[in-house]
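File shown here: protein01.tsv, holding TSV, C-alpha atoms.
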chain	number	residue	atom	x	y	z
A	1	ARG	CA	132.64	10.18	131.89
A	2	ASP	CA	129.15	11.64	131.22
A	3	MET	CA	130.29	15.03	132.54
A	4	PHE	CA	132.50	15.58	129.48
A	5	ALA	CA	130.31	14.01	126.79
A	6	GLY	CA	130.71	15.99	123.58
A	7	ARG	CA	133.85	17.78	124.79
A	8	THR	CA	136.45	15.68	122.95
A	9	ALA	CA	137.57	18.56	120.72
A	10	GLU	CA	138.16	20.85	123.70
A	11	ILE	CA	139.99	18.17	125.69
A	12	ASN	CA	142.18	17.30	122.70
A	13	ALA	CA	142.98	21.01	122.26
A	14	ILE	CA	144.02	21.33	125.91
A	15	ASP	CA	146.35	18.35	125.63
A	16	LYS	CA	147.79	19.54	122.30
A	17	GLY	CA	148.20	23.06	123.67
A	18	LEU	CA	150.24	21.75	126.57
A	19	LEU	CA	152.45	19.72	124.24
A	20	GLN	CA	153.09	22.67	121.93
A	21	THR	CA	153.81	24.94	124.91
A	22	SER	CA	156.51	22.58	126.12
A	23	TYR	CA	158.15	23.08	122.70
A	24	GLY	CA	157.85	26.86	122.94
A	25	ASN	CA	154.98	27.26	120.49
A	26	PRO	CA	151.79	27.81	122.53
A	27	THR	CA	148.33	28.51	121.18
A	28	HIS	CA	146.28	29.90	124.03
A	29	LEU	CA	142.75	28.63	124.59
A	30	LEU	CA	139.60	30.71	125.02
A	31	LEU	CA	136.57	28.84	126.37
A	32	LEU	CA	133.33	30.79	126.03
A	33	GLY	CA	129.85	29.89	127.16
A	34	GLU	CA	126.94	30.70	129.40
A	35	ARG	CA	126.97	29.98	133.12
A	36	GLY	CA	126.79	26.32	134.08
A	37	ILE	CA	127.89	25.05	130.66
A	38	GLY	CA	131.13	23.46	131.94
A	39	LYS	CA	133.85	26.09	131.50
A	40	THR	CA	135.26	25.69	135.00
A	41	SER	CA	135.21	21.91	134.66
A	42	LEU	CA	137.39	22.23	131.56
A	43	LEU	CA	139.78	24.48	133.50
A	44	ASN	CA	140.00	21.66	136.05
A	45	VAL	CA	140.83	19.26	133.22
A	46	GLY	CA	143.55	21.63	132.06
A	47	SER	CA	145.04	21.73	135.54
A	48	ILE	CA	144.97	17.94	135.94
A	49	PHE	CA	146.57	17.36	132.53
A	50	ALA	CA	149.19	20.07	133.03
A	51	LYS	CA	150.31	18.69	136.38
A	52	GLY	CA	150.61	15.18	134.94
A	53	GLU	CA	147.93	13.79	137.25
A	54	PHE	CA	146.17	12.25	134.26
A	55	THR	CA	147.56	11.38	130.84
A	56	TRP	CA	145.27	11.88	127.86
A	57	SER	CA	147.77	10.91	125.17
A	58	ASP	CA	151.26	9.43	125.21
A	59	LYS	CA	152.82	12.53	126.76
A	60	GLN	CA	152.70	13.10	130.51
A	61	HIS	CA	153.00	16.83	131.15
A	62	ASN	CA	154.74	18.50	134.06
A	63	PHE	CA	153.84	22.20	134.28
A	64	LEU	CA	153.65	24.66	137.12
A	65	VAL	CA	149.95	25.61	137.25
A	66	VAL	CA	148.38	28.73	138.74
A	67	ARG	CA	144.80	29.91	138.69
A	68	LEU	CA	143.21	33.35	138.92
A	69	SER	CA	139.66	34.71	138.76
A	70	LEU	CA	139.17	38.22	137.43
A	71	ASN	CA	136.81	40.89	138.72
A	72	GLU	CA	135.75	44.37	137.64
A	73	ASP	CA	138.00	46.08	140.21
A	74	MET	CA	141.23	44.31	139.19
A	75	CYS	CA	143.79	46.55	137.51
A	76	LEU	CA	147.10	45.54	135.95
A	77	ALA	CA	149.03	46.01	139.20
A	78	ASP	CA	146.49	43.86	141.08
A	79	PHE	CA	146.84	41.17	138.42
A	80	ALA	CA	150.63	41.21	138.79
A	81	VAL	CA	150.45	40.97	142.59
A	82	ASN	CA	147.88	38.14	142.52
A	83	LEU	CA	149.79	36.18	139.89
A	84	LYS	CA	153.09	36.59	141.74
A	85	ASN	CA	151.49	35.32	144.96
A	86	ALA	CA	149.90	32.37	143.16
A	87	ILE	CA	153.20	31.42	141.52
A	88	GLU	CA	155.04	31.76	144.81
A	89	ARG	CA	152.55	29.47	146.57
A	90	GLU	CA	152.95	26.78	143.93
A	91	ILE	CA	156.73	27.06	143.84
A	92	ASN	CA	156.94	26.78	147.62
A	93	LYS	CA	155.07	23.47	147.43
A	94	GLU	CA	157.67	21.84	145.19
A	95	HIS	CA	160.64	24.20	144.89
A	96	SER	CA	161.17	25.47	148.41
A	97	LYS	CA	164.90	25.86	147.71
A	98	LEU	CA	164.37	28.24	144.78
A	99	ALA	CA	164.92	31.80	145.95
A	100	PHE	CA	164.54	33.47	142.56
A	101	ILE	CA	160.92	34.52	143.05
A	102	LYS	CA	161.62	37.61	145.17
A	103	LYS	CA	164.31	38.84	142.81
A	104	ALA	CA	162.33	38.11	139.65
A	105	TRP	CA	159.20	39.81	140.98
A	106	GLY	CA	160.83	42.64	142.87
A	107	PHE	CA	158.83	45.29	141.00
A	108	VAL	CA	155.61	44.00	142.62
A	109	SER	CA	156.78	45.00	146.09
A	110	ARG	CA	155.80	48.65	145.55
A	111	PHE	CA	152.20	47.59	144.91
A	112	GLU	CA	151.71	44.88	147.55
A	113	ALA	CA	151.19	47.22	150.48
A	114	ALA	CA	149.65	50.03	148.44
A	115	GLY	CA	145.96	50.82	148.36
A	116	MET	CA	143.68	50.00	145.45
A	117	SER	CA	143.44	53.62	144.32
A	118	TYR	CA	147.23	53.90	144.06
A	119	ARG	CA	147.52	50.65	142.11
A	120	LYS	CA	144.82	51.78	139.67
A	121	GLU	CA	146.48	55.16	139.24
A	122	GLU	CA	149.85	53.57	138.54
A	123	SER	CA	148.31	51.01	136.18
A	124	ASN	CA	146.79	53.78	134.08
A	125	LYS	CA	149.77	56.13	134.24
A	126	ASN	CA	152.59	53.63	133.76
A	127	SER	CA	150.86	50.67	132.11
A	128	THR	CA	153.58	50.15	129.49
A	129	GLN	CA	156.33	50.10	132.11
A	130	ILE	CA	154.38	47.74	134.36
A	131	ILE	CA	153.69	45.42	131.43
A	132	GLN	CA	157.39	45.28	130.54
A	133	GLU	CA	158.43	44.54	134.13
A	134	PHE	CA	155.60	42.03	134.44
A	135	ILE	CA	156.64	40.21	131.27
A	136	TYR	CA	160.31	40.00	132.21
A	137	SER	CA	159.31	38.60	135.61
A	138	LEU	CA	157.30	35.88	133.87
A	139	SER	CA	160.19	35.22	131.48
A	140	ASP	CA	162.64	34.84	134.39
A	141	THR	CA	160.18	32.53	136.14
A	142	VAL	CA	159.90	30.27	133.10
A	143	ARG	CA	163.67	30.24	132.66
A	144	SER	CA	164.13	29.25	136.30
A	145	ILE	CA	161.58	26.42	136.43
A	146	ARG	CA	162.92	25.00	133.16
A	147	ASP	CA	166.56	25.26	134.22
A	148	PRO	CA	168.34	22.14	132.89
A	149	LEU	CA	170.47	22.10	136.06
A	150	LEU	CA	167.40	21.40	138.20
A	151	PRO	CA	166.83	17.80	139.32
A	152	THR	CA	164.47	15.97	136.99
A	153	THR	CA	161.85	15.80	139.74
A	154	GLU	CA	161.78	19.60	140.06
A	155	LYS	CA	162.22	20.76	136.47
A	156	LYS	CA	159.01	21.89	134.75
A	157	ASP	CA	157.81	22.01	131.14
A	158	GLY	CA	156.69	25.59	131.65
A	159	LEU	CA	153.89	27.59	133.22
A	160	VAL	CA	150.13	27.26	132.76
A	161	ILE	CA	147.95	30.19	133.82
A	162	LEU	CA	144.23	29.45	134.17
A	163	ILE	CA	142.01	32.52	134.10
A	164	ASP	CA	138.34	32.34	135.08
A	165	GLU	CA	135.65	35.05	134.74
A	166	ALA	CA	137.53	36.75	131.88
A	167	ASP	CA	134.34	38.61	130.90
A	168	LYS	CA	134.83	40.68	134.07
A	169	ALA	CA	138.22	42.02	132.92
A	170	SER	CA	138.27	45.80	133.38
A	171	LYS	CA	139.82	48.36	131.05
A	172	ASP	CA	142.40	49.03	133.77
A	173	LEU	CA	143.67	45.46	133.33
A	174	HIS	CA	144.69	45.93	129.66
A	175	LEU	CA	144.34	42.15	129.30
A	176	GLY	CA	144.40	41.85	125.51
A	177	PHE	CA	147.27	44.32	125.14
A	178	PHE	CA	149.24	42.59	127.89
A	179	LEU	CA	148.84	39.14	126.30
A	180	LYS	CA	149.82	40.43	122.86
A	181	ILE	CA	153.04	42.05	124.10
A	182	LEU	CA	153.74	39.09	126.38
A	183	THR	CA	153.63	36.60	123.51
A	184	GLU	CA	155.95	38.68	121.34
A	185	THR	CA	158.47	39.29	124.13
A	186	LEU	CA	158.57	35.69	125.34
A	187	ALA	CA	159.26	34.53	121.79
A	188	ALA	CA	162.14	37.02	121.52
A	189	GLU	CA	163.47	35.91	124.91
A	190	LYS	CA	163.15	32.22	123.92
A	191	THR	CA	161.02	31.59	127.01
A	192	ASN	CA	157.69	31.13	125.23
A	193	HIS	CA	156.60	28.27	127.46
A	194	ILE	CA	153.49	29.84	129.02
A	195	LEU	CA	149.99	28.66	128.16
A	196	PHE	CA	146.91	30.71	129.04
A	197	ILE	CA	143.60	28.88	129.29
A	198	VAL	CA	140.99	31.60	129.61
A	199	CYS	CA	137.28	31.11	130.18
A	200	GLY	CA	134.30	33.37	130.60
A	201	LEU	CA	130.94	34.44	129.29
A	202	PRO	CA	130.79	35.35	125.56
A	203	ASP	CA	131.49	39.00	126.49
A	204	ALA	CA	135.07	37.95	127.25
A	205	ARG	CA	135.82	38.39	123.55
A	206	ASN	CA	135.02	42.09	123.86
A	207	ALA	CA	137.14	42.45	127.00
A	208	LEU	CA	140.13	41.17	125.04
A	209	SER	CA	139.55	42.93	121.72
A	210	ASP	CA	138.74	46.29	123.33
A	211	SER	CA	142.21	46.24	124.87
A	212	HIS	CA	143.95	45.13	121.66
A	213	GLU	CA	142.01	44.34	118.52
A	214	SER	CA	144.34	41.54	117.37
A	215	SER	CA	144.64	39.81	120.77
A	216	LEU	CA	141.95	37.28	119.82
A	217	ARG	CA	144.32	35.89	117.18
A	218	LEU	CA	146.42	34.49	120.02
A	219	PHE	CA	143.62	32.09	120.94
A	220	GLN	CA	141.94	28.99	119.68
A	221	GLU	CA	138.32	29.70	120.55
A	222	PHE	CA	135.66	27.28	121.68
A	223	ASP	CA	132.03	28.31	122.03
A	224	LEU	CA	130.63	25.76	124.45
A	225	GLY	CA	127.14	24.66	123.55
Rewritten as structure tokens:
Amino acid sequence: RDMFAGRTAEINAIDKGLLQTSYGNPTHLLLLGERGIGKTSLLNVGSIFAKGEFTWSDKQHNFLVVRLSLNEDMCLADFAVNLKNAIEREINKEHSKLAFIKKAWGFVSRFEAAGMSYRKEESNKNSTQIIQEFIYSLSDTVRSIRDPLLPTTEKKDGLVILIDEADKASKDLHLGFFLKILTETLAAEKTNHILFIVCGLPDARNALSDSHESSLRLFQEFDLG
């Protein structure tokens, strides 16, 4: 209890964000603060709430949750590969009968065995194409895990992506641009059931805005004191 003293606003925002995401109207969360201030602990709260392991309000959530940490060497292709692998691991835990993942994420196969230099080169040269393929893979994933034909025990509210160390996002990742296009496309595809909870040092704001100046508008920001 003492660990989260003074964090009621952030915890309420996480719970509300999950609820709104289940209705297809997410507001992503950006948690900023210096090291040791409790950002990772709040990511843990987000994971626990999203999986329905703890209920903060009347609504028990049921999301597929994946988690990634960024680093300076990660390009857009790396991000796609890592996210696909994280989603696949989580799906295999609960949805071992779902075979959609390989089909939905087929474009990643050309990067998985490639070297870092090739992935960076392709990310810079074909970033728009990779982003489009990446987004449609996420859209297909959301559509599959929310399929009304799934048994109630397997159907999900959507997808929650927890991102740590966002201040380390490189220019090759195009993070702000990717999130901006992602949000617009998912809304058009009626699969806007993805919530990003992003945390990092205060420099994370620059990593996002340098990629797309309006990307910060996608987030509700919290500066953790």
Name the closest residue to A:Lys171 among the candidates A:Thr8, A:Thr128, A:Ser211, A:Asn62; distances are taken between atoms, counting only C-alpha atoms. A:Ser211
Interatomic distance (Å, one decimal) between atom CA of A:Asp2 and atom CA of A:Ser57: 19.6 Å
In Å, how far is it from atom CA of A:Asn206 to atom CA of A:His193? 25.9 Å
Within 8 Å of file point (151.9, 30.8, 137.7), counting only C-alpha atoms, expressed as a list of chain:residue names: A:Leu64, A:Val65, A:Val66, A:Arg67, A:Leu83, A:Lys84, A:Ala86, A:Ile87, A:Glu88, A:Glu90, A:Leu159, A:Val160, A:Ile161
The distance between atom CA of A:Asp147 and atom CA of A:Gly106 is 20.2 Å
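With distances taken over all atoms listed in the file, A:Lys120 is the one residue among A:His212, A:Lys120, A:Arg7, A:Arg110 lying closest to A:Met74.
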Choose the residue, out of A:Lys125, A:Lys156, A:Lys190, A:Lys180, that has the smallest atom-to-atom separation from A:Lys51; count all atoms listed in the file.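 For A:Lys51, the nearest of the candidates is A:Lys156.
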Between A:Val142, A:Leu68, A:Leu182, A:Ile130, single out the one closest to A:Cys199, counting all atoms listed in the file.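 Comparing A:Val142, A:Leu68, A:Leu182, A:Ile130 against A:Cys199, the winner is A:Leu68.
Of the residues under consideration (A:Leu186, A:Ile181, A:Leu173, A:Ile194), A:Leu173 shows the shortest atom-to-atom contact distance to A:Asn71 when counting all atoms listed in the file.
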Which of these, A:Ala169, A:Ile145, A:Leu175, A:Leu32, has the shortest distance to A:Ile91 once you count all atoms listed in the file?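 Answer, going by the shortest atom-to-atom distance: A:Ile145.
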